[in-house]
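Below: the structure, in structure tokens.
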Amino acid sequence: MDWGALHTILGGVNKHSTSIGKIWLTVLFIFRIMILVVAAERVWGDEQDDFVCNTLQPGCKNVCYDHFFPISHIRLWALQLIFVSTPALLVAMHVAYWRHEKKRQFRKGDQKCEYKDIEEIRKQRFHIEGSLWWTYTSSIFFRLVFEAVFMYAFYFMYDGFRMPRLMKCNAWPCPNTVDCFVSRPTEKTVFTIFMIAVSSICILLNVAELCYLLTKFFLRRSKKTGNPKHHPNHETKEETKQNEMNELISDSCQNTVIGFSS
Amino acid sequence: MSWGFLRDLLSGVNKYSTGIGRIWVAVVFIFRLLVYIAAAENIWKYEHDEFECNIKQPGCENVCFDHFFPVSHIRLWALQLIMVSTPSLLVVFHVAYRENREKHHNQKLYKSPGEIDGGLLCTYLISLILKTGFEIVFLVLFYKLYNGFKVPRLVKCDIRPCPNTVDCYISKPTEKMIFICFLVATSCLCIVLNLSELSYLIFKHSIK
């Protein structure tokens, strides 16, 4: 059980996503999860062992480390990735529910059901319309919110995105203000900036996807309201001609029928 | 043998669950198992090495650590995950028993072996009650063993061979507390889901 299992779960959602959604998923797995597992975890691996304070006072190092790193960068990123991936599950659940309903209809032998077998239902790709549109859009919205919250939490907790080399600490039991040195500060800063940059790219992709979905929704709505059914007085010249021809045809048919019956 | 086994087990359970049951499986997978493996395990990895007492007396640190952490948080967490997932096996076994019976008698005995009715409903309800019970037991155990869900920075220890009351410092107390709160929150969420599923099933079948 690891990030691979998350990949399997989200991979199923990929089929029903927009193109921007597919790009987002790729960026998430390659530039965030893979970098976290393969590189970032090693950089932060020895963080407390190599956090050194200029004192022999037992306990001072522990207390200072806890004061400056209430939650480690690496754990915060892991939580951020988990929370950001989770809204896609809403879509997966909605699709699973639709599939379940269609399988039920198929088993009942419903004439309305247009599938030939269960395999077709399982492989079918649903378009993002109707209630699925609302679920999908909500999932993107929640993703955005989680990304923003975690980025803000990061900035707030560590006073920016830079990792200092030296921290001054005077928490008890340190006898006075003590110099504490962080291990690999430059490498940590580089990775922090990288992760923040990729987070920002993901936020932009999500915003683009949201705009795309909203545009599609409004276009579809305006096509529906532009339909002559809703504006009976609004007819084009061609439509008027066609209507007249149709009336002529129906009149002649009626006359023929009356002729036969008499 | 690793957590992958639990994952496969829960995937098998998913097939015979209600909608709420599937949400429960997703919560356990993602917010408990994945968080445990990806984040929490590493926090407690060197807890004994990083536990420091203000004394040079050999054996004092060991004895104090053992006194304050009879069972480590992370081990309790793992045990809780295993115990809470196991009652779902009862449902899997019952469905397998039904399928076996049908094969043995060579005729269709049930509308569908996986349909939650009759004996399978009782098994399902029992599994829900057991799951909820285990969750509550572990939460209470956590609370009693560690005097609450807070992890202190400093603990005072005066057990032999420590010569007098000694200050001992726990490593990463804030981070540990954040993850323990997360564990408690997800446990409570799972309890709520189990109770909702229980009420839903009882209500649905009492109407029938």
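Every chain in the structure tokens has a letter given in the order shown (A, B, ...), and although residue numbers restart at 1 in each chain, ligands are simply numbered from 1 in the order shown.
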For chain B, work out the contacting residues on chain A at 6 Å, counting only C-alpha atoms, and write them as a ChimeraX atom specification.
/A:1,58-59,62,66,70-71,75
For N, CA and C atoms, I'd like the residues from the last selection saved as a tab-separated table (two decimals), in the first residue's frame.
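Generated file (result-v1.tsv):
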chain	number	residue	atom	x	y	z
A	1	MET	N	0.86	-1.19	0.00
A	1	MET	CA	0.00	0.00	0.00
A	1	MET	C	0.88	1.22	0.00
A	58	PRO	N	21.22	18.78	27.58
A	58	PRO	CA	20.29	17.78	27.05
A	58	PRO	C	18.88	18.34	26.94
A	59	GLY	N	18.21	18.01	25.87
A	59	GLY	CA	16.83	18.43	25.67
A	59	GLY	C	16.70	19.72	24.89
A	62	ASN	N	16.06	19.05	21.12
A	62	ASN	CA	14.70	18.54	20.88
A	62	ASN	C	13.68	19.66	20.91
A	66	ASP	N	11.51	21.18	17.80
A	66	ASP	CA	10.05	21.16	17.84
A	66	ASP	C	9.47	22.56	17.67
A	70	PRO	N	7.10	22.67	13.73
A	70	PRO	CA	5.95	22.01	14.36
A	70	PRO	C	5.46	20.83	13.52
A	71	ILE	N	5.53	20.98	12.21
A	71	ILE	CA	5.25	19.84	11.34
A	71	ILE	C	6.22	19.91	10.17
A	75	ARG	N	5.97	16.04	5.65
A	75	ARG	CA	4.67	15.55	6.09
A	75	ARG	C	3.56	16.46	5.58
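Residues of range 14-179 of chain B assigned to strand (DSSP E) by DSSP on this structure's backbone: B:Glu52, B:Cys53, B:Leu154, B:Val155, B:Lys156, B:Cys157, B:Val166, B:Asp167, B:Cys168, B:Tyr169.
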Go ahead and save the residues from that selection, with N, CA and C atoms, as a compact mmCIF listing (two decimals), in the first residue's frame.
# COMPACT_ATOMS: atom_id res chain seq x y z
N GLU B 52 15.51 12.01 24.92
CA GLU B 52 16.74 12.41 25.60
C GLU B 52 16.43 12.79 27.05
N CYS B 53 17.21 12.24 27.96
CA CYS B 53 17.04 12.63 29.38
C CYS B 53 18.26 13.40 29.85
N LEU B 154 8.06 17.73 27.61
CA LEU B 154 8.93 17.34 28.72
C LEU B 154 8.18 16.42 29.67
N VAL B 155 8.83 15.35 30.08
CA VAL B 155 8.23 14.49 31.10
C VAL B 155 9.25 14.32 32.22
N LYS B 156 8.76 14.25 33.47
CA LYS B 156 9.67 14.12 34.60
C LYS B 156 9.63 12.66 35.08
N CYS B 157 10.83 12.10 35.26
CA CYS B 157 10.94 10.67 35.52
C CYS B 157 11.83 10.42 36.74
N VAL B 166 14.28 13.36 36.97
CA VAL B 166 15.09 13.74 35.81
C VAL B 166 14.18 14.28 34.70
N ASP B 167 14.65 15.30 34.00
CA ASP B 167 13.88 15.84 32.86
C ASP B 167 14.16 15.01 31.62
N CYS B 168 13.10 14.54 30.99
CA CYS B 168 13.27 13.80 29.73
C CYS B 168 12.48 14.51 28.64
N TYR B 169 13.08 14.62 27.48
CA TYR B 169 12.48 15.38 26.39
C TYR B 169 12.08 14.44 25.27
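With only C-alpha atoms as the basis for measurement, A:Gly4 is the residue among A:Gly130, A:Pro175, A:Pro164, A:Gly4 that approaches Ile33 in chain A most closely.
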Gap from CA of Trp44 in chain A to CA of Arg162 in chain A - Å, one decimal
14.7 Å
Find the residues near range 180-183 of chain A: any atom within 6 Å, counting only C-alpha atoms, skip ones fewer than 3 places away on the same chain, and give them as an mmCIF file with N, CA and C atoms, in the first residue's frame.
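File produced: part_7.cif:
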data_model
loop_
_atom_site.group_PDB
_atom_site.id
_atom_site.type_symbol
_atom_site.label_atom_id
_atom_site.label_comp_id
_atom_site.auth_asym_id
_atom_site.auth_seq_id
_atom_site.Cartn_x
_atom_site.Cartn_y
_atom_site.Cartn_z
ATOM 1 N N ASP A 50 20.670 15.650 12.079
ATOM 2 C CA ASP A 50 21.693 16.616 11.697
ATOM 3 C C ASP A 50 21.333 18.050 12.082
ATOM 4 N N PHE A 51 20.270 18.218 12.833
ATOM 5 C CA PHE A 51 19.930 19.543 13.368
ATOM 6 C C PHE A 51 20.794 19.697 14.615
ATOM 7 N N VAL A 52 21.732 20.630 14.567
ATOM 8 C CA VAL A 52 22.740 20.723 15.627
ATOM 9 C C VAL A 52 22.638 22.069 16.345
ATOM 10 N N CYS A 53 22.623 22.024 17.672
ATOM 11 C CA CYS A 53 22.594 23.275 18.436
ATOM 12 C C CYS A 53 23.903 23.443 19.196
ATOM 13 N N ARG A 165 19.838 29.016 7.370
ATOM 14 C CA ARG A 165 20.927 28.138 7.811
ATOM 15 C C ARG A 165 20.990 28.083 9.321
ATOM 16 N N LEU A 166 20.696 29.240 9.918
ATOM 17 C CA LEU A 166 20.892 29.380 11.348
ATOM 18 C C LEU A 166 19.609 29.873 12.003
ATOM 19 N N MET A 167 19.280 29.273 13.144
ATOM 20 C CA MET A 167 18.108 29.728 13.895
ATOM 21 C C MET A 167 18.538 29.978 15.332
#
Using only C-alpha atoms, which residues sit within 9 Å of range 191-208 of chain B once same-chain residues fewer than 3 positions away are excluded, as a VMD selection string?
chain B and resid 18 to 21 23 to 24 117 121 124 to 125 128 to 129 131 to 133 135 to 136 186 to 188
N, CA, C and O atoms of the current selection, written as a short mmCIF file (atom, residue, chain, number, x, y, z; two decimals), in the first residue's frame:
data_model
loop_
_atom_site.label_atom_id
_atom_site.label_comp_id
_atom_site.auth_asym_id
_atom_site.auth_seq_id
_atom_site.Cartn_x
_atom_site.Cartn_y
_atom_site.Cartn_z
N THR B 18 -22.73 -1.57 1.14
CA THR B 18 -23.68 -0.54 0.72
C THR B 18 -22.87 0.69 0.29
O THR B 18 -21.65 0.68 0.40
N GLY B 19 -23.59 1.74 -0.14
CA GLY B 19 -22.90 2.97 -0.55
C GLY B 19 -22.09 3.57 0.58
O GLY B 19 -20.94 3.99 0.41
N ILE B 20 -22.69 3.60 1.79
CA ILE B 20 -21.99 4.17 2.94
C ILE B 20 -20.77 3.31 3.27
O ILE B 20 -19.70 3.82 3.64
N GLY B 21 -20.92 2.00 3.10
CA GLY B 21 -19.80 1.08 3.35
C GLY B 21 -18.63 1.38 2.44
O GLY B 21 -17.47 1.33 2.85
N ILE B 23 -17.94 4.31 1.14
CA ILE B 23 -17.33 5.56 1.59
C ILE B 23 -16.40 5.24 2.77
O ILE B 23 -15.30 5.78 2.87
N TRP B 24 -16.85 4.32 3.66
CA TRP B 24 -16.03 3.93 4.81
C TRP B 24 -14.71 3.33 4.33
O TRP B 24 -13.64 3.67 4.84
N ASP B 117 -29.42 -9.66 2.64
CA ASP B 117 -30.72 -9.98 3.24
C ASP B 117 -30.57 -11.24 4.07
O ASP B 117 -29.59 -11.97 3.94
N LEU B 121 -27.56 -10.23 6.26
CA LEU B 121 -27.86 -8.95 6.90
C LEU B 121 -27.40 -8.97 8.36
O LEU B 121 -26.78 -8.02 8.84
N TYR B 124 -23.71 -8.76 8.48
CA TYR B 124 -23.28 -7.40 8.15
C TYR B 124 -23.47 -6.47 9.34
O TYR B 124 -22.58 -5.67 9.67
N LEU B 125 -24.63 -6.59 10.00
CA LEU B 125 -24.89 -5.74 11.17
C LEU B 125 -23.90 -6.04 12.29
O LEU B 125 -23.39 -5.13 12.94
N LEU B 128 -20.64 -4.44 11.56
CA LEU B 128 -20.67 -2.99 11.81
C LEU B 128 -20.53 -2.70 13.30
O LEU B 128 -19.81 -1.79 13.70
N ILE B 129 -21.25 -3.49 14.12
CA ILE B 129 -21.19 -3.27 15.57
C ILE B 129 -19.77 -3.54 16.08
O ILE B 129 -19.23 -2.77 16.89
N LYS B 131 -16.96 -3.34 14.35
CA LYS B 131 -16.06 -2.27 13.87
C LYS B 131 -16.16 -1.06 14.78
O LYS B 131 -15.14 -0.50 15.20
N THR B 132 -17.41 -0.66 15.07
CA THR B 132 -17.62 0.52 15.92
C THR B 132 -17.04 0.27 17.31
O THR B 132 -16.38 1.15 17.88
N GLY B 133 -17.28 -0.93 17.83
CA GLY B 133 -16.76 -1.30 19.15
C GLY B 133 -15.25 -1.18 19.21
O GLY B 133 -14.70 -0.57 20.14
N GLU B 135 -13.27 0.57 17.31
CA GLU B 135 -12.85 1.98 17.18
C GLU B 135 -12.90 2.65 18.56
O GLU B 135 -11.96 3.32 18.99
N ILE B 136 -14.05 2.46 19.24
CA ILE B 136 -14.24 3.12 20.54
C ILE B 136 -13.23 2.60 21.55
O ILE B 136 -12.62 3.38 22.30
N THR B 186 -10.34 11.03 12.19
CA THR B 186 -10.75 10.03 11.20
C THR B 186 -11.45 8.85 11.88
O THR B 186 -12.39 8.28 11.32
N SER B 187 -11.01 8.49 13.09
CA SER B 187 -11.69 7.44 13.85
C SER B 187 -13.13 7.83 14.11
O SER B 187 -14.05 7.02 13.92
N CYS B 188 -13.33 9.07 14.57
CA CYS B 188 -14.69 9.54 14.86
C CYS B 188 -15.53 9.55 13.60
O CYS B 188 -16.70 9.15 13.61
#
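With CA of Gly45 in chain A on one side and CA of Phe29 in chain A on the other, the separation reads 21.1 Å.
Separating CA of Glu115 in chain B from CA of Val28 in chain B is a distance of 23.3 Å.
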Pick from A:Ser131, A:Asn206, A:Asn176, A:Ser139: nearest to Leu28 in chain A, with only C-alpha atoms counted?
A:Asn206
When DSSP is applied to the backbone of this structure, which of range 53-117 of chain B are assigned alpha helix (DSSP H)? Write them out as a VMD selection string.
chain B and resid 60 to 68 73 to 85 88 to 105
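Nearest to Asp49 in chain A of all the residues A:Lys108, A:Lys168, A:Arg184, A:His94 is A:Arg184, based on only C-alpha atoms.
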Val25 in chain B: which residues within 9 Å, counting only C-alpha atoms, same-chain residues fewer than 5 positions away excluded, as a short mmCIF file (atom, residue, chain, number, x, y, z; two decimals) with C-alpha atoms, in the first residue's frame?
data_model
loop_
_atom_site.label_atom_id
_atom_site.label_comp_id
_atom_site.auth_asym_id
_atom_site.auth_seq_id
_atom_site.Cartn_x
_atom_site.Cartn_y
_atom_site.Cartn_z
CA LEU B 10 -10.76 -4.24 1.85
CA SER B 11 -11.14 -4.21 -1.95
CA VAL B 13 -15.20 -6.25 0.99
CA ASN B 14 -16.10 -3.27 -1.16
CA ILE B 20 -21.99 4.17 2.94
CA ILE B 30 -6.92 7.17 2.00
CA SER B 85 -10.73 -3.79 9.09
#
